[in-house]
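The file my_file_3.txt contains compact mmCIF, C-alpha atoms:
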```txt
# COMPACT_ATOMS: atom_id res chain seq x y z
CA MET Y 9 -25.46 10.75 29.75
CA LEU Y 10 -24.32 12.69 26.67
CA ASN Y 11 -23.24 15.69 28.75
CA GLU Y 12 -21.04 13.46 30.89
CA TRP Y 13 -18.91 12.66 27.84
CA ILE Y 14 -19.32 15.25 25.10
CA SER Y 15 -18.21 18.88 25.26
CA ALA Y 16 -21.23 21.10 25.89
CA ASP Y 17 -20.68 23.25 22.78
CA TYR Y 18 -21.36 20.32 20.50
CA LEU Y 19 -24.56 19.33 22.26
CA LYS Y 20 -25.89 22.85 21.70
CA SER Y 21 -25.20 22.99 17.98
CA VAL Y 22 -26.73 19.86 16.50
CA ASN Y 23 -28.49 21.58 13.59
CA GLU Y 24 -25.43 23.56 12.65
CA LEU Y 25 -23.30 20.38 12.70
CA ASN Y 26 -25.82 18.60 10.52
CA LYS Y 27 -25.62 21.39 7.92
CA LYS Y 28 -21.84 21.29 7.97
CA PHE Y 29 -21.74 17.51 7.63
CA LYS Y 30 -23.97 17.57 4.56
CA ASN Y 31 -22.20 20.45 2.86
CA ASN Y 32 -18.60 19.52 3.54
CA LYS Y 33 -16.57 18.46 0.52
CA PRO Y 34 -15.36 16.20 -1.07
CA PHE Y 35 -17.89 13.98 0.75
CA PRO Y 36 -20.05 14.54 3.85
CA HIS Y 37 -17.86 14.77 6.96
CA LEU Y 38 -17.18 16.52 10.23
CA VAL Y 39 -13.95 17.05 12.12
CA LEU Y 40 -14.74 17.98 15.71
CA LYS Y 41 -11.94 19.31 17.88
CA ASP Y 42 -11.97 18.84 21.67
CA PHE Y 43 -14.96 16.59 21.24
CA PHE Y 44 -14.91 14.68 24.51
CA ILE Y 45 -14.63 16.14 27.97
CA GLU Y 46 -10.93 15.87 28.78
CA LYS Y 47 -11.25 14.33 32.21
CA LYS Y 48 -13.24 11.48 30.59
CA ILE Y 49 -11.04 10.87 27.58
CA ILE Y 50 -7.57 11.03 29.16
CA PRO Y 51 -8.12 7.85 31.25
CA VAL Y 52 -9.31 6.13 28.04
CA LEU Y 53 -6.08 7.04 26.30
CA LEU Y 54 -4.01 5.84 29.24
CA ALA Y 55 -5.94 2.58 29.45
CA LEU Y 56 -5.43 1.87 25.75
CA GLU Y 57 -1.72 1.35 26.44
CA ASN Y 58 -2.65 -1.79 28.37
CA GLU Y 59 -4.45 -3.42 25.45
CA ILE Y 60 -2.66 -6.02 23.35
CA PHE Y 61 -1.72 -4.73 19.90
CA VAL Y 62 -0.82 -6.79 16.86
CA SER Y 63 1.01 -5.77 13.67
CA LYS Y 64 -1.11 -5.52 10.55
CA ASN Y 65 0.75 -5.57 7.28
CA THR Y 66 -0.77 -5.89 3.80
CA ASP Y 67 -0.52 -4.18 0.41
CA LEU Y 68 -2.91 -1.51 1.71
CA PHE Y 69 -1.67 -0.78 5.22
CA GLN Y 70 0.89 -1.14 7.95
CA PHE Y 71 0.09 -0.33 11.59
CA GLN Y 72 -0.60 -1.84 15.03
CA GLN Y 73 -4.18 -2.66 15.90
CA THR Y 74 -5.73 -3.93 19.12
CA GLU Y 75 -5.97 -7.69 18.95
CA ASN Y 76 -9.67 -7.61 19.81
CA ASP Y 77 -12.54 -5.23 19.31
CA ILE Y 78 -12.72 -2.81 22.26
CA LYS Y 79 -16.19 -4.09 23.12
CA GLY Y 80 -14.50 -7.24 24.42
CA SER Y 81 -11.96 -5.31 26.50
CA GLU Y 82 -11.41 -6.42 30.06
CA ILE Y 83 -10.28 -2.93 31.04
CA THR Y 84 -13.21 -1.16 32.70
CA VAL Y 85 -12.44 2.33 31.38
CA LEU Y 86 -12.28 1.04 27.82
CA LYS Y 87 -15.41 -1.02 28.22
CA GLU Y 88 -17.29 2.03 29.50
CA PHE Y 89 -16.02 4.12 26.62
CA ASN Y 90 -17.14 1.48 24.14
CA ASP Y 91 -20.52 1.20 25.88
CA PHE Y 92 -20.98 4.94 25.55
CA PHE Y 93 -20.03 4.91 21.86
CA ASN Y 94 -22.45 2.05 21.30
CA SER Y 95 -25.27 3.57 23.37
CA LYS Y 96 -28.69 4.53 22.10
CA GLU Y 97 -28.14 8.16 23.18
CA PHE Y 98 -24.86 8.55 21.33
CA GLY Y 99 -26.24 6.72 18.28
CA GLU Y 100 -29.17 9.14 18.19
CA PHE Y 101 -26.81 12.09 18.49
CA ILE Y 102 -24.76 10.73 15.55
CA PHE Y 103 -27.98 10.33 13.57
CA LYS Y 104 -28.95 13.93 14.33
CA ILE Y 105 -25.64 15.43 13.24
CA THR Y 106 -25.23 13.27 10.12
CA GLY Y 107 -28.80 12.58 9.07
CA ILE Y 108 -27.73 9.02 8.31
CA LYS Y 109 -29.88 6.22 9.63
CA ILE Y 110 -27.77 3.78 11.61
CA SER Y 111 -28.59 0.68 13.61
CA LEU Y 112 -28.29 1.53 17.27
CA GLY Y 113 -25.87 -0.56 19.24
CA LYS Y 114 -23.99 -1.82 16.20
CA ILE Y 115 -20.47 -0.48 15.96
CA ASP Y 116 -16.91 -1.70 15.51
CA MET Y 117 -14.11 -0.19 17.53
CA SER Y 118 -10.38 -0.87 17.46
CA GLY Y 119 -7.40 0.98 18.81
CA PHE Y 120 -4.61 1.86 16.38
CA VAL Y 121 -1.02 2.95 16.71
CA TYR Y 122 0.82 4.24 13.66
CA SER Y 123 4.56 4.52 14.25
CA LYS Y 124 7.22 5.89 11.92
CA THR Y 125 6.76 4.35 8.38
CA ASP Y 126 3.19 3.15 9.10
CA TYR Y 127 0.39 4.16 6.71
CA LEU Y 128 -3.00 3.38 5.24
CA LEU Y 129 -3.27 3.79 1.47
CA PRO Y 130 -6.32 5.14 -0.41
CA HIS Y 131 -9.55 3.16 -0.22
CA ASP Y 132 -13.25 3.94 0.18
CA ASP Y 133 -14.10 1.80 3.26
CA ARG Y 134 -17.14 0.27 1.60
CA LEU Y 135 -18.10 -3.07 3.08
CA GLU Y 136 -21.53 -4.45 3.77
CA GLY Y 137 -23.50 -2.36 6.22
CA ARG Y 138 -20.90 0.31 6.93
CA LYS Y 139 -22.60 3.71 7.01
CA ILE Y 140 -20.38 6.12 8.92
CA ALA Y 141 -16.65 5.83 9.58
CA TYR Y 142 -15.19 7.49 12.66
CA ILE Y 143 -11.68 8.20 13.86
CA LEU Y 144 -10.98 9.60 17.30
CA ASN Y 145 -7.46 10.90 17.40
CA LEU Y 146 -5.61 10.81 20.68
CA SER Y 147 -2.08 11.72 19.71
CA GLU Y 148 -0.51 14.98 20.66
CA LYS Y 149 2.27 17.09 19.28
CA PHE Y 150 1.91 16.23 15.60
CA LYS Y 151 3.10 19.00 13.29
CA LYS Y 152 2.49 19.60 9.59
CA GLY Y 153 5.59 17.80 8.33
CA ASP Y 154 5.29 14.80 10.66
CA GLY Y 155 2.92 12.84 8.43
CA GLY Y 156 0.03 10.82 9.84
CA LYS Y 157 -2.57 13.15 8.34
CA LEU Y 158 -6.05 11.88 7.49
CA GLN Y 159 -6.50 12.86 3.85
CA PHE Y 160 -9.56 13.00 1.62
CA PHE Y 161 -9.54 12.60 -2.16
CA ASP Y 162 -11.85 14.12 -4.70
CA VAL Y 163 -13.37 11.69 -7.17
CA LYS Y 164 -13.45 11.99 -10.94
CA ASN Y 165 -15.18 9.39 -13.10
CA LYS Y 166 -15.72 7.30 -9.96
CA LYS Y 167 -11.97 7.16 -9.29
CA PRO Y 168 -9.99 9.04 -6.64
CA SER Y 169 -7.85 11.70 -8.29
CA LYS Y 170 -6.12 14.01 -5.83
CA ILE Y 171 -5.92 14.93 -2.16
CA VAL Y 172 -8.14 17.90 -1.44
CA LYS Y 173 -8.26 17.89 2.37
CA SER Y 174 -5.73 16.98 5.05
CA PHE Y 175 -6.16 16.87 8.80
CA ILE Y 176 -3.15 16.90 11.09
CA PRO Y 177 -3.70 14.45 13.97
CA SER Y 178 -4.71 16.38 17.06
CA PHE Y 179 -5.68 15.20 20.51
CA ASN Y 180 -9.35 14.54 21.22
CA THR Y 181 -10.53 15.24 17.66
CA LEU Y 182 -13.35 13.15 16.27
CA ALA Y 183 -13.62 12.76 12.48
CA LEU Y 184 -16.81 11.34 11.00
CA PHE Y 185 -17.58 10.69 7.36
CA GLU Y 186 -20.22 9.01 5.29
CA VAL Y 187 -19.07 5.73 3.72
CA SER Y 188 -19.91 5.80 0.02
CA GLU Y 189 -18.40 5.19 -3.40
CA ASN Y 190 -16.89 8.70 -3.05
CA SER Y 191 -15.31 8.36 0.38
CA PHE Y 192 -11.73 7.76 -0.75
CA HIS Y 193 -9.30 8.59 2.04
CA GLN Y 194 -5.91 7.59 3.39
CA VAL Y 195 -3.67 7.99 6.41
CA GLU Y 196 -0.41 9.50 5.29
CA GLU Y 197 2.75 7.69 6.40
CA VAL Y 198 4.11 8.79 9.78
CA LEU Y 199 7.45 10.35 8.85
CA VAL Y 200 8.97 10.93 12.29
CA ASN Y 201 9.48 9.11 15.58
CA LYS Y 202 6.04 9.87 16.97
CA GLU Y 203 3.04 7.65 17.59
CA ARG Y 204 -0.30 8.40 16.02
CA ILE Y 205 -2.85 6.88 18.38
CA SER Y 206 -6.54 6.56 17.59
CA PHE Y 207 -9.76 4.67 17.99
CA ALA Y 208 -11.56 3.97 14.76
CA GLY Y 209 -14.39 1.93 13.38
CA TRP Y 210 -17.82 2.22 11.79
CA PHE Y 211 -21.44 2.76 12.59
CA TYR Y 212 -23.51 0.19 10.73
CA GLY Y 213 -26.91 0.26 9.11
CA ASP Y 214 -29.33 -2.55 8.46
CA MET B 1 17.87 -19.87 -33.57
CA GLU B 2 19.47 -22.75 -31.69
CA ILE B 3 20.40 -22.18 -28.06
CA ASN B 4 24.02 -23.25 -28.68
CA GLU B 5 24.30 -20.74 -31.46
CA ALA B 6 22.79 -17.99 -29.29
CA LEU B 7 25.20 -18.71 -26.43
CA LYS B 8 28.16 -18.34 -28.76
CA SER B 9 26.93 -15.04 -30.19
CA GLU B 10 28.91 -11.83 -29.83
CA ILE B 11 26.08 -9.88 -28.26
CA LEU B 12 25.46 -12.38 -25.43
CA LYS B 13 29.19 -12.86 -24.82
CA GLU B 14 29.47 -9.12 -24.56
CA TYR B 15 26.59 -8.62 -22.10
CA LEU B 16 25.90 -11.78 -20.10
CA ASN B 17 27.91 -13.07 -17.19
CA ASP B 18 29.81 -16.18 -18.33
CA ASP B 19 27.70 -18.42 -16.04
CA TYR B 20 24.68 -17.70 -18.21
CA LEU B 21 26.51 -18.68 -21.39
CA GLU B 22 26.68 -22.37 -20.36
CA LYS B 23 23.79 -24.50 -21.56
CA GLU B 24 24.14 -26.82 -18.57
CA ASN B 25 23.71 -23.91 -16.17
CA LEU B 26 20.63 -22.75 -18.01
CA GLU B 27 19.18 -26.25 -17.78
CA ASN B 28 19.68 -26.18 -14.01
CA ILE B 29 18.10 -22.73 -13.76
CA LYS B 30 15.12 -23.99 -15.72
CA LYS B 31 14.75 -26.94 -13.35
CA VAL B 32 14.77 -24.67 -10.29
CA LEU B 33 12.40 -22.16 -11.91
CA PHE B 34 9.77 -24.84 -12.55
CA LYS B 35 10.33 -26.65 -9.26
CA ASN B 36 9.71 -23.55 -7.13
CA SER B 37 6.21 -22.68 -6.08
CA PRO B 38 5.20 -20.25 -7.43
CA LYS B 39 7.42 -20.83 -10.46
CA SER B 40 10.22 -18.37 -9.82
CA ILE B 41 13.93 -17.70 -9.77
CA MET B 42 16.39 -14.88 -9.15
CA LEU B 43 19.29 -14.71 -11.61
CA GLU B 44 22.12 -12.99 -9.76
CA ASP B 45 24.99 -11.10 -11.41
CA PHE B 46 23.19 -11.44 -14.70
CA PHE B 47 25.22 -8.96 -16.71
CA LYS B 48 28.97 -8.53 -17.00
CA LYS B 49 29.95 -5.78 -14.60
CA GLU B 50 30.90 -3.08 -17.08
CA LYS B 51 27.78 -3.71 -19.17
CA TYR B 52 25.64 -3.67 -16.06
CA TYR B 53 26.96 -0.24 -15.09
CA MET B 54 26.39 1.00 -18.62
CA LEU B 55 22.76 -0.18 -18.63
CA LYS B 56 22.26 1.19 -15.14
CA GLU B 57 23.55 4.58 -16.22
CA GLU B 58 21.31 4.42 -19.27
CA ILE B 59 18.10 3.68 -17.36
CA ARG B 60 18.85 6.47 -14.90
CA ARG B 61 19.06 9.00 -17.69
CA LEU B 62 15.63 8.16 -19.09
CA LYS B 63 12.67 10.48 -18.72
CA PHE B 64 10.09 9.06 -16.34
CA LYS B 65 6.47 10.10 -16.15
CA ARG B 66 4.52 9.69 -12.94
CA LYS B 67 1.60 7.28 -13.01
CA TYR B 68 -0.72 7.89 -10.06
CA PHE B 69 -4.03 6.13 -9.64
CA PRO B 70 -4.43 6.44 -5.85
CA ASP B 71 -6.46 3.27 -5.31
CA LYS B 72 -4.19 1.21 -7.57
CA LEU B 73 -0.62 2.39 -7.94
CA SER B 74 1.97 5.12 -7.82
CA PHE B 75 5.16 4.85 -9.83
CA ASN B 76 7.20 6.42 -12.61
CA GLN B 77 7.31 4.94 -16.07
CA GLY B 78 9.61 5.50 -19.04
CA GLU B 79 10.63 4.08 -22.40
CA ILE B 80 13.58 1.71 -22.56
CA GLY B 81 17.12 2.83 -23.32
CA LYS B 82 18.83 2.31 -26.68
CA ASN B 83 21.36 -0.30 -25.54
CA PHE B 84 18.92 -2.27 -23.45
CA LYS B 85 16.43 -2.25 -26.30
CA LYS B 86 19.02 -3.64 -28.70
CA LEU B 87 19.80 -6.47 -26.30
CA ILE B 88 16.27 -7.34 -25.25
CA GLN B 89 15.02 -7.30 -28.81
CA SER B 90 17.87 -9.48 -30.06
CA GLU B 91 17.07 -12.97 -31.35
CA GLU B 92 19.91 -14.25 -29.14
CA LEU B 93 18.49 -13.11 -25.79
CA LYS B 94 15.01 -14.16 -26.87
CA THR B 95 16.40 -17.65 -27.57
CA VAL B 96 17.87 -17.82 -24.05
CA PHE B 97 14.54 -16.90 -22.47
CA GLU B 98 12.64 -19.27 -24.74
CA PHE B 99 14.98 -22.00 -23.54
CA LEU B 100 14.47 -21.08 -19.87
CA LEU B 101 10.70 -20.70 -20.07
CA GLY B 102 10.17 -23.57 -22.45
CA LYS B 103 7.94 -21.57 -24.72
CA LYS B 104 7.94 -19.44 -27.86
CA ILE B 105 8.21 -15.72 -27.26
CA ASN B 106 6.57 -13.47 -29.81
CA ASP B 107 7.60 -10.18 -28.44
CA PHE B 108 9.19 -8.59 -25.38
CA LYS B 109 6.87 -5.83 -24.22
CA THR B 110 9.15 -3.92 -21.91
CA ASN B 111 9.05 -0.65 -20.07
CA SER B 112 11.27 1.04 -17.54
CA ILE B 113 10.04 1.77 -14.06
CA MET B 114 11.44 3.96 -11.30
CA LEU B 115 10.20 3.70 -7.73
CA LYS B 116 10.90 6.09 -4.88
CA HIS B 117 9.52 7.21 -1.52
CA LYS B 118 5.69 7.03 -1.46
CA ASP B 119 5.38 4.70 -4.48
CA TYR B 120 3.40 1.46 -4.29
CA SER B 121 1.04 -0.84 -6.10
CA LEU B 122 -2.03 -2.53 -4.65
CA LEU B 123 -3.57 -5.91 -5.31
CA SER B 124 -6.55 -5.72 -7.62
CA ASP B 125 -9.88 -7.23 -6.60
CA ASN B 126 -9.93 -9.04 -9.92
CA GLY B 127 -6.46 -10.56 -9.72
CA PRO B 128 -3.65 -9.85 -12.19
CA GLU B 129 -4.64 -8.48 -15.57
CA VAL B 130 -2.62 -11.07 -17.45
CA SER B 131 -1.15 -14.49 -16.82
CA GLY B 132 2.47 -15.09 -17.72
CA PHE B 133 6.08 -14.79 -16.70
CA LEU B 134 6.91 -11.49 -15.06
CA ILE B 135 10.56 -10.72 -15.76
CA ASN B 136 12.25 -7.80 -14.01
CA PHE B 137 15.77 -6.60 -14.73
CA PHE B 138 16.93 -4.64 -11.68
CA PHE B 139 19.34 -1.71 -11.88
CA ASN B 140 19.10 -0.23 -8.41
CA ASP B 141 21.68 0.32 -5.70
CA LEU B 142 21.71 -1.46 -2.40
CA TRP B 143 18.16 -1.81 -1.14
CA LYS B 144 16.91 -2.97 2.25
CA GLU B 145 13.63 -4.64 3.11
CA GLU B 146 12.99 -2.02 5.80
CA TYR B 147 12.50 0.60 3.03
CA GLY B 148 9.50 -1.30 1.65
CA GLY B 149 9.53 -1.55 -2.15
CA TYR B 150 9.74 -5.33 -2.16
CA PHE B 151 7.63 -7.45 -4.50
CA SER B 152 5.14 -9.53 -2.60
CA PHE B 153 3.45 -12.46 -4.37
CA VAL B 154 0.20 -13.51 -2.82
CA SER B 155 -1.97 -16.57 -3.14
CA GLU B 156 -5.22 -17.03 -1.20
CA ASN B 157 -4.46 -13.98 0.97
CA ALA B 158 -1.07 -15.30 2.08
CA GLU B 159 2.33 -14.16 0.89
CA VAL B 160 3.96 -17.04 -0.98
CA LEU B 161 7.07 -15.21 -2.19
CA ARG B 162 8.87 -11.97 -1.39
CA LEU B 163 11.43 -10.59 -3.80
CA MET B 164 13.80 -7.78 -3.02
CA SER B 165 15.13 -5.67 -5.83
CA LYS B 166 18.83 -6.39 -6.01
CA GLU B 167 21.61 -4.89 -8.02
CA ASN B 168 22.30 -6.70 -11.32
CA CYS B 169 19.58 -9.28 -10.80
CA VAL B 170 16.85 -10.63 -12.99
CA SER B 171 13.74 -12.07 -11.38
CA ILE B 172 11.37 -14.42 -13.15
CA VAL B 173 8.00 -15.25 -11.58
CA TYR B 174 4.93 -16.86 -13.08
CA VAL B 175 1.76 -14.94 -12.19
CA ASP B 176 -1.81 -15.90 -12.94
CA LYS B 177 -5.23 -15.88 -11.31
CA THR B 178 -3.92 -17.82 -8.33
CA VAL B 179 -0.78 -15.74 -7.74
CA ASP B 180 -1.11 -11.97 -7.72
CA TRP B 181 1.54 -9.46 -6.67
CA PHE B 182 2.05 -5.97 -5.30
CA ILE B 183 4.89 -3.59 -4.56
CA LYS B 184 5.08 -2.68 -0.89
CA TYR B 185 4.76 1.06 -0.15
CA ILE B 186 8.20 2.69 -0.08
CA ASN B 187 8.63 4.46 3.23
CA VAL B 188 10.60 7.41 4.56
CA ASN B 189 13.56 5.19 5.54
CA SER B 190 14.37 4.84 1.83
CA ASN B 191 15.53 8.47 2.01
CA LYS B 192 16.26 9.49 -1.59
CA ARG B 193 17.12 6.02 -2.86
CA GLN B 194 15.37 4.75 -5.95
CA ILE B 195 14.61 1.39 -7.54
CA TYR B 196 15.04 1.13 -11.30
CA PHE B 197 13.92 -1.88 -13.27
CA SER B 198 12.79 -2.99 -16.68
CA LYS B 199 9.56 -4.91 -16.53
CA THR B 200 8.56 -7.49 -19.11
CA ILE B 201 5.63 -9.86 -19.20
CA ILE B 202 5.86 -12.96 -21.35
CA LEU B 203 2.34 -14.19 -22.03
```
Can you turn what I pasted into structure tokens?
Amino acid sequence: MLNEWISADYLKSVNELNKKFKNNKPFPHLVLKDFFIEKKIIPVLLALENEIFVSKNTDLFQFQQTENDIKGSEITVLKEFNDFFNSKEFGEFIFKITGIKISLGKIDMSGFVYSKTDYLLPHDDRLEGRKIAYILNLSEKFKKGDGGKLQFFDVKNKKPSKIVKSFIPSFNTLALFEVSENSFHQVEEVLVNKERISFAGWFYGD
Amino acid sequence: MEINEALKSEILKEYLNDDYLEKENLENIKKVLFKNSPKSIMLEDFFKKEKYYMLKEEIRRLKFKRKYFPDKLSFNQGEIGKNFKKLIQSEELKTVFEFLLGKKINDFKTNSIMLKHKDYSLLSDNGPEVSGFLINFFFNDLWKEEYGGYFSFVSENAEVLRLMSKENCVSIVYVDKTVDWFIKYINVNSNKRQIYFSKTIIL
């Protein structure tokens, strides 16, 4: 099942990924380019356009989010994608590459669209049971100055101080990070007329 | 100092728009302020035009220092200008605000704030640090809601009041544990525009 979805290179290098995850700074993370097999992920991206999105607007963020969790989607392709993400096999793979114990079959998944002026300000994601945050980026053609970057902060005296890592959105890239008191991150404002499209959510523990 | 005496003073006649020198008008403002929920009012065209432009010029020449606590706020803070300080620390203006707020004011603790693209403030998990009247004197140019930068007052997770910074306006809002506030992130549409205001909290 895993080899139907995930690029072969990643399935061969589990130990290496686990080392990288643990050692990456400012907190354990991985950013995996070309993660899914393209012929599987492109239909997922296309299907996402048919989901209903709603505007979310608070002090902390502004973006469009799917009205419902993808697990309740009536679109077959999306349902299958969610089932794979929530499967025992994929959960075990995530455990192997992160070393973090997660409850199998217990994830959240929403689709997000960030348009020009949308953003997500710094926060640590901590909420009961959240163990690993993931973001699968599906937008193409983002350049350095376009905004929309996922950015990680270093932490001094338990407070985020400055941005130390930035990732330009790129198609079919999966970012994973451990949710902890150090996992301060943000999504930089989208500065141009492009759409930053992603799936994101969390793997939960007991 | 009596309110009538304050309203006849040279300093207020020099600075304040004539509408704010009439006791009857101030009584009406007070009524509206306390009737609104949350207690709030926007005083438009507060200063006489030439004085407004002088104070605006003054605040723009101040030195601002960036305050950046990523999970709380991003803005630029400065001291207050000489002319504004003289006015805000005058017994006369204090008397006007005591009349409007219906309470004794010990001291105006004021600082100048400049906001630009990428600035914001977030709600705190613990609610506002202090309870009292938040008074902002705005000195910015034309500002549009689509730039962000508006002041959102929130009670029980719902916005109960949204204030836009407006040229030559003074906003008064009562904040406490039930009404917190944040400044909406200022986005790229703001271009190089800036919001300047003097912020005072009357406890």
Leaving out Y:Glu88 and any residue of its chain fewer than 4 positions from it, which residues lie within 12 Å of it when counting all atoms listed in the file, given as a short mmCIF file (atom, residue, chain, number, x, y, z; two decimals) with C-alpha atoms, keeping the file's coordinate frame?
```cif
data_model
loop_
_atom_site.label_atom_id
_atom_site.label_comp_id
_atom_site.auth_asym_id
_atom_site.auth_seq_id
_atom_site.Cartn_x
_atom_site.Cartn_y
_atom_site.Cartn_z
CA MET Y 9 -25.46 10.75 29.75
CA TRP Y 13 -18.91 12.66 27.84
CA LYS Y 48 -13.24 11.48 30.59
CA ILE Y 49 -11.04 10.87 27.58
CA PRO Y 51 -8.12 7.85 31.25
CA VAL Y 52 -9.31 6.13 28.04
CA ALA Y 55 -5.94 2.58 29.45
CA ILE Y 78 -12.72 -2.81 22.26
CA LYS Y 79 -16.19 -4.09 23.12
CA GLY Y 80 -14.50 -7.24 24.42
CA SER Y 81 -11.96 -5.31 26.50
CA GLU Y 82 -11.41 -6.42 30.06
CA ILE Y 83 -10.28 -2.93 31.04
CA THR Y 84 -13.21 -1.16 32.70
CA PHE Y 92 -20.98 4.94 25.55
CA PHE Y 93 -20.03 4.91 21.86
CA ASN Y 94 -22.45 2.05 21.30
CA SER Y 95 -25.27 3.57 23.37
#
```
Selection near Y:Lys41, 8 Å with all atoms listed in the file, sequence-local residues under 3 positions removed, as a ChimeraX atom specification = /Y:178-182
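Using only C-alpha atoms, the shortest contact distance between Y:Pro168 and any of B:Lys199, B:Lys104, B:Lys144, B:Lys72 is found at B:Lys72.
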Using only C-alpha atoms, what table do you get, as a tab-separated table, when you list each residue of stretch 20-132 of chain B with an atom no more than 12 Å from stretch 8-11 of chain B, its nearest pair of atoms, and their distance in Å rounded to one decimal, rows by chain then rising number?
```
residue	atom	partner	partner_atom	distance
B:Tyr20	CA	B:Lys8	CA	11.1
B:Leu21	CA	B:Lys8	CA	7.6
B:Glu22	CA	B:Lys8	CA	9.4
B:Lys23	CA	B:Lys8	CA	10.4
B:Phe47	CA	B:Ile11	CA	11.6
B:Lys48	CA	B:Ile11	CA	11.7
B:Lys51	CA	B:Ile11	CA	11.1
B:Asn83	CA	B:Ile11	CA	11.0
B:Phe84	CA	B:Ile11	CA	11.5
B:Lys86	CA	B:Ile11	CA	9.4
B:Leu87	CA	B:Ile11	CA	7.4
B:Ile88	CA	B:Ile11	CA	10.6
B:Gln89	CA	B:Ile11	CA	11.4
B:Ser90	CA	B:Ile11	CA	8.4
B:Glu91	CA	B:Ile11	CA	10.0
B:Glu92	CA	B:Ser9	CA	7.1
B:Leu93	CA	B:Ile11	CA	8.6
B:Lys94	CA	B:Ile11	CA	11.9
B:Thr95	CA	B:Ser9	CA	11.2
B:Val96	CA	B:Ser9	CA	11.3
```
request  = Pick out the residues sitting within 7 Å of stretch 107-115 of chain Y, and hand them over as an MDAnalysis selection string; count only C-alpha atoms, and ignore anything fewer than 4 positions along from it in its own chain.
outcome  = chainID Y and resid 26 94:96 99 103 139 210:214
Interface, chain Y side, toward chain B (10 Å; only C-alpha atoms) as a PDB file with C-alpha atoms, in the coordinates of the input:
```pdb
ATOM      1  CA  ASN Y  65       0.750  -5.570   7.280  1.00  0.00           C
ATOM      2  CA  THR Y  66      -0.770  -5.890   3.800  1.00  0.00           C
ATOM      3  CA  ASP Y  67      -0.520  -4.180   0.410  1.00  0.00           C
ATOM      4  CA  LEU Y  68      -2.910  -1.510   1.710  1.00  0.00           C
ATOM      5  CA  PHE Y  69      -1.670  -0.780   5.220  1.00  0.00           C
ATOM      6  CA  GLN Y  70       0.890  -1.140   7.950  1.00  0.00           C
ATOM      7  CA  LYS Y 124       7.220   5.890  11.920  1.00  0.00           C
ATOM      8  CA  THR Y 125       6.760   4.350   8.380  1.00  0.00           C
ATOM      9  CA  ASP Y 126       3.190   3.150   9.100  1.00  0.00           C
ATOM     10  CA  TYR Y 127       0.390   4.160   6.710  1.00  0.00           C
ATOM     11  CA  LEU Y 128      -3.000   3.380   5.240  1.00  0.00           C
ATOM     12  CA  LEU Y 129      -3.270   3.790   1.470  1.00  0.00           C
ATOM     13  CA  PRO Y 130      -6.320   5.140  -0.410  1.00  0.00           C
ATOM     14  CA  HIS Y 131      -9.550   3.160  -0.220  1.00  0.00           C
ATOM     15  CA  ASP Y 132     -13.250   3.940   0.180  1.00  0.00           C
ATOM     16  CA  PHE Y 161      -9.540  12.600  -2.160  1.00  0.00           C
ATOM     17  CA  LYS Y 167     -11.970   7.160  -9.290  1.00  0.00           C
ATOM     18  CA  PRO Y 168      -9.990   9.040  -6.640  1.00  0.00           C
ATOM     19  CA  SER Y 169      -7.850  11.700  -8.290  1.00  0.00           C
ATOM     20  CA  LYS Y 170      -6.120  14.010  -5.830  1.00  0.00           C
ATOM     21  CA  ILE Y 171      -5.920  14.930  -2.160  1.00  0.00           C
ATOM     22  CA  PHE Y 192     -11.730   7.760  -0.750  1.00  0.00           C
ATOM     23  CA  HIS Y 193      -9.300   8.590   2.040  1.00  0.00           C
ATOM     24  CA  GLN Y 194      -5.910   7.590   3.390  1.00  0.00           C
ATOM     25  CA  GLU Y 196      -0.410   9.500   5.290  1.00  0.00           C
ATOM     26  CA  GLU Y 197       2.750   7.690   6.400  1.00  0.00           C
ATOM     27  CA  VAL Y 198       4.110   8.790   9.780  1.00  0.00           C
ATOM     28  CA  LEU Y 199       7.450  10.350   8.850  1.00  0.00           C
ATOM     29  CA  VAL Y 200       8.970  10.930  12.290  1.00  0.00           C
TER      30      VAL Y 200
END
```
